[in-house]
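Colleague: My questions will all concern the structure given below.
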Amino acid sequence: MSILMGRKGYPGNATVTLTHSHTKNIESYTKEADIIITALGVPNYLKADMVKEGVVIIDVGITRLADETNPKGYVITGDVDFENVSKKASYITPVPGGVGPMTIAMLLKNTLLAREKENKIKGSQILIALFNFK
């Protein structure tokens with residue numbers, strides 16, 4: 001994502017700062033960011049006091065936490081303290097239900113495009129073939 005956003009052209013033309021969970025004074029970077037994409041796998045790492053008003057948050061991190069009160073025995077959580085950060089963010093993706101479904105949709109789309117390219121057939125024909133089985 002950092003390469004895509006940092007390239008000259010669309011999408012891109014953004015100043016990209018790549019940080020790590022061990023970056024010293026990481027708050028100095030996150031408080032200045034217009035868009036934050038997290039992918040740490042550290043539950044609730046990004047707190048409300050680490051972001052500015054109106055920030056866009058894309059939470060890619062996912063962690064399974066034990067929870068005996070849940071029928072599954074666990075809950076899924078992201079890298080962002082969603083409850084508190086969402087009060088400051090202009091947009092925020094939830095975990096679960098945020099980027100996961102979009103990832104699956106894009107994988108399916110890319111599979112269809114690869115099949116179309118391989119066989120030089122139209123995407124609509126592929127969809128009909130995929131969804132007409134019984």
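Chain lettering (A, B, ...) mirrors the order of the structure tokens, residue numbering begins at 1 for each chain separately, and ligand numbering begins at 1 in order of display.
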Report as an MDAnalysis selection string all protein, DNA and RNA residues lying within 9 Å of Ala33 of chain A, evaluated on only C-alpha atoms, omitting residues in the same chain fewer than 2 positions from it.
Modeller: chainID A and resid 17 29:31 35:36 51:52 55:56
Colleague: Store the residues of this selection in a file with C-alpha atoms, as a JSON list (two decimals), in the first residue's frame.
Modeller:
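And here's again.json as it stands now:
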```
[["chain", "number", "residue", "atom", "x", "y", "z"],
["A", 17, "THR", "CA", 5.57, 7.60, 6.16],
["A", 29, "TYR", "CA", 3.70, 10.57, 13.16],
["A", 30, "THR", "CA", 0.19, 9.30, 13.79],
["A", 31, "LYS", "CA", -1.03, 12.67, 15.08],
["A", 35, "ILE", "CA", -4.79, 8.49, 6.63],
["A", 36, "ILE", "CA", -3.56, 5.69, 8.89],
["A", 51, "VAL", "CA", -4.74, 10.56, 16.12],
["A", 52, "LYS", "CA", -6.06, 13.92, 14.98],
["A", 55, "VAL", "CA", -8.37, 11.14, 10.31],
["A", 56, "VAL", "CA", -9.24, 8.21, 8.04]]
```
Colleague: Within 12 Å of Glu83 of chain A, counting only C-alpha atoms, which residues qualify if same-chain residues fewer than 4 places away don't, as a PyMOL selection string?
Modeller: chain A and resi 44+46-48+77-79+87-89+92-95
Colleague: How would the residues just picked look written out with C-alpha atoms as a PDB file, in the first residue's frame?
Modeller:
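Result went into again27.pdb, see below:
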```pdb
ATOM      1  CA  ASN A  44      -6.181  -1.910  20.252  1.00  0.00           C
ATOM      2  CA  LEU A  46      -3.823   2.798  18.128  1.00  0.00           C
ATOM      3  CA  LYS A  47      -5.566   4.955  20.740  1.00  0.00           C
ATOM      4  CA  ALA A  48      -7.668   8.099  20.344  1.00  0.00           C
ATOM      5  CA  THR A  77     -10.348  -7.393  17.248  1.00  0.00           C
ATOM      6  CA  GLY A  78      -8.236  -5.008  15.213  1.00  0.00           C
ATOM      7  CA  ASP A  79      -5.225  -2.802  15.842  1.00  0.00           C
ATOM      8  CA  LYS A  87     -15.249   9.383  17.772  1.00  0.00           C
ATOM      9  CA  LYS A  88     -12.391  11.348  16.163  1.00  0.00           C
ATOM     10  CA  ALA A  89     -12.181   9.680  12.759  1.00  0.00           C
ATOM     11  CA  ILE A  92     -12.874   4.054  10.109  1.00  0.00           C
ATOM     12  CA  THR A  93     -13.072   0.413   9.068  1.00  0.00           C
ATOM     13  CA  PRO A  94     -14.359  -2.040  11.669  1.00  0.00           C
ATOM     14  CA  VAL A  95     -12.775  -5.362  12.592  1.00  0.00           C
TER      15      VAL A  95
END
```
Colleague: Please, what distance in Å, to one decimal, runs between atom CA of Ile76 of chain A and atom CA of Leu107 of chain A?
Modeller: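 These atoms are spaced 21.7 Å apart.
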Colleague: DSSP on the backbone: which residues in chain A end up as strand (DSSP E)? Give the answer as a list in words.
Modeller: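 Here are the strand (DSSP E) residues of chain A: Ile35, Ile36, Ile37, Thr38, Val56, Ile57, Ile58, Asp59, Thr63, Arg64, Leu65, Ala66, Tyr74, Val75, Ile76, Thr77, Tyr91 and Ile92 of chain A.
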Colleague: Could those selected residues go to a file with N, CA, C and O atoms, as an mmCIF file, in the first residue's frame?
Modeller:
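File produced: selection.cif:
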```cif
data_model
loop_
_atom_site.group_PDB
_atom_site.id
_atom_site.type_symbol
_atom_site.label_atom_id
_atom_site.label_comp_id
_atom_site.auth_asym_id
_atom_site.auth_seq_id
_atom_site.Cartn_x
_atom_site.Cartn_y
_atom_site.Cartn_z
ATOM 1 N N ILE A 35 -4.338 9.870 6.819
ATOM 2 C CA ILE A 35 -4.794 8.492 6.634
ATOM 3 C C ILE A 35 -3.838 7.583 7.394
ATOM 4 O O ILE A 35 -2.621 7.710 7.260
ATOM 5 N N ILE A 36 -4.386 6.679 8.182
ATOM 6 C CA ILE A 36 -3.564 5.694 8.891
ATOM 7 C C ILE A 36 -4.058 4.313 8.508
ATOM 8 O O ILE A 36 -5.247 4.017 8.625
ATOM 9 N N ILE A 37 -3.122 3.494 8.056
ATOM 10 C CA ILE A 37 -3.422 2.093 7.740
ATOM 11 C C ILE A 37 -2.626 1.250 8.720
ATOM 12 O O ILE A 37 -1.394 1.326 8.749
ATOM 13 N N THR A 38 -3.312 0.491 9.542
ATOM 14 C CA THR A 38 -2.630 -0.343 10.529
ATOM 15 C C THR A 38 -2.612 -1.794 10.081
ATOM 16 O O THR A 38 -3.576 -2.287 9.514
ATOM 17 N N VAL A 56 -8.644 9.403 8.653
ATOM 18 C CA VAL A 56 -9.237 8.215 8.040
ATOM 19 C C VAL A 56 -8.420 7.021 8.524
ATOM 20 O O VAL A 56 -7.191 7.024 8.417
ATOM 21 N N ILE A 57 -9.098 6.022 9.066
ATOM 22 C CA ILE A 57 -8.419 4.847 9.625
ATOM 23 C C ILE A 57 -8.834 3.610 8.846
ATOM 24 O O ILE A 57 -10.027 3.318 8.717
ATOM 25 N N ILE A 58 -7.837 2.888 8.348
ATOM 26 C CA ILE A 58 -8.079 1.591 7.715
ATOM 27 C C ILE A 58 -7.358 0.555 8.566
ATOM 28 O O ILE A 58 -6.131 0.495 8.587
ATOM 29 N N ASP A 59 -8.137 -0.225 9.289
ATOM 30 C CA ASP A 59 -7.594 -1.210 10.223
ATOM 31 C C ASP A 59 -7.513 -2.568 9.530
ATOM 32 O O ASP A 59 -8.518 -3.218 9.295
ATOM 33 N N THR A 63 -6.697 -9.871 15.273
ATOM 34 C CA THR A 63 -6.209 -10.735 16.343
ATOM 35 C C THR A 63 -7.391 -11.447 16.971
ATOM 36 O O THR A 63 -8.446 -10.852 17.189
ATOM 37 N N ARG A 64 -7.205 -12.697 17.258
ATOM 38 C CA ARG A 64 -8.226 -13.493 17.939
ATOM 39 C C ARG A 64 -7.875 -13.496 19.431
ATOM 40 O O ARG A 64 -6.810 -13.955 19.823
ATOM 41 N N LEU A 65 -8.795 -12.967 20.241
ATOM 42 C CA LEU A 65 -8.594 -12.913 21.687
ATOM 43 C C LEU A 65 -9.543 -13.884 22.386
ATOM 44 O O LEU A 65 -10.732 -13.935 22.056
ATOM 45 N N ALA A 66 -9.012 -14.621 23.337
ATOM 46 C CA ALA A 66 -9.843 -15.545 24.108
ATOM 47 C C ALA A 66 -10.925 -14.762 24.839
ATOM 48 O O ALA A 66 -10.674 -13.693 25.406
ATOM 49 N N TYR A 74 -13.876 -16.901 21.638
ATOM 50 C CA TYR A 74 -12.937 -15.837 21.285
ATOM 51 C C TYR A 74 -13.691 -14.686 20.625
ATOM 52 O O TYR A 74 -14.841 -14.835 20.217
ATOM 53 N N VAL A 75 -13.028 -13.545 20.539
ATOM 54 C CA VAL A 75 -13.517 -12.405 19.766
ATOM 55 C C VAL A 75 -12.396 -11.966 18.827
ATOM 56 O O VAL A 75 -11.218 -12.168 19.119
ATOM 57 N N ILE A 76 -12.787 -11.381 17.719
ATOM 58 C CA ILE A 76 -11.826 -10.847 16.754
ATOM 59 C C ILE A 76 -11.740 -9.346 16.992
ATOM 60 O O ILE A 76 -12.762 -8.664 17.097
ATOM 61 N N THR A 77 -10.530 -8.831 17.061
ATOM 62 C CA THR A 77 -10.348 -7.393 17.248
ATOM 63 C C THR A 77 -9.232 -6.900 16.332
ATOM 64 O O THR A 77 -8.410 -7.686 15.864
ATOM 65 N N TYR A 91 -13.642 8.616 8.994
ATOM 66 C CA TYR A 91 -13.983 7.301 8.470
ATOM 67 C C TYR A 91 -13.081 6.278 9.146
ATOM 68 O O TYR A 91 -11.901 6.542 9.371
ATOM 69 N N ILE A 92 -13.649 5.118 9.472
ATOM 70 C CA ILE A 92 -12.874 4.054 10.109
ATOM 71 C C ILE A 92 -13.469 2.704 9.708
ATOM 72 O O ILE A 92 -14.690 2.558 9.632
#
```
Colleague: Could you pull out the alpha helix (DSSP H) residues of segment 9-106 of chain A, going by DSSP on the backbone, and write them as a list in words?
Modeller: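 Here are the alpha helix (DSSP H) residues of segment 9-106 of chain A: Ile26, Glu27, Ser28, Tyr29, Thr30, Phe82, Glu83, Asn84, Val85, Val99, Gly100, Pro101, Met102, Thr103, Ile104, Ala105 and Met106 of chain A.
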Colleague: Quick one: pull the distance between atom CA of Met5 of chain A and atom CA of Val60 of chain A, Å, one decimal.
Modeller: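 Calculated distance between atom CA of Met5 of chain A and atom CA of Val60 of chain A is 16.0 Å.
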Colleague: Please, what distance in Å, to one decimal, runs between atom CA of Pro43 of chain A and atom CA of Ser21 of chain A?
Modeller: 11.9 Å
Colleague: Could you tell me which of A:Asn110, A:Asn25, A:Ser2, A:Ser90 comes closest to Gly54 of chain A if we count only C-alpha atoms?
Modeller: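 Closest residue, counting only C-alpha atoms: A:Ser90.
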Colleague: When distances are computed from only C-alpha atoms, which of A:Lys109, A:Lys8, A:Arg115, A:His20 shows the smallest separation from Gly41 of chain A?
Modeller: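 Under the stated criterion, the closest residue is A:His20.
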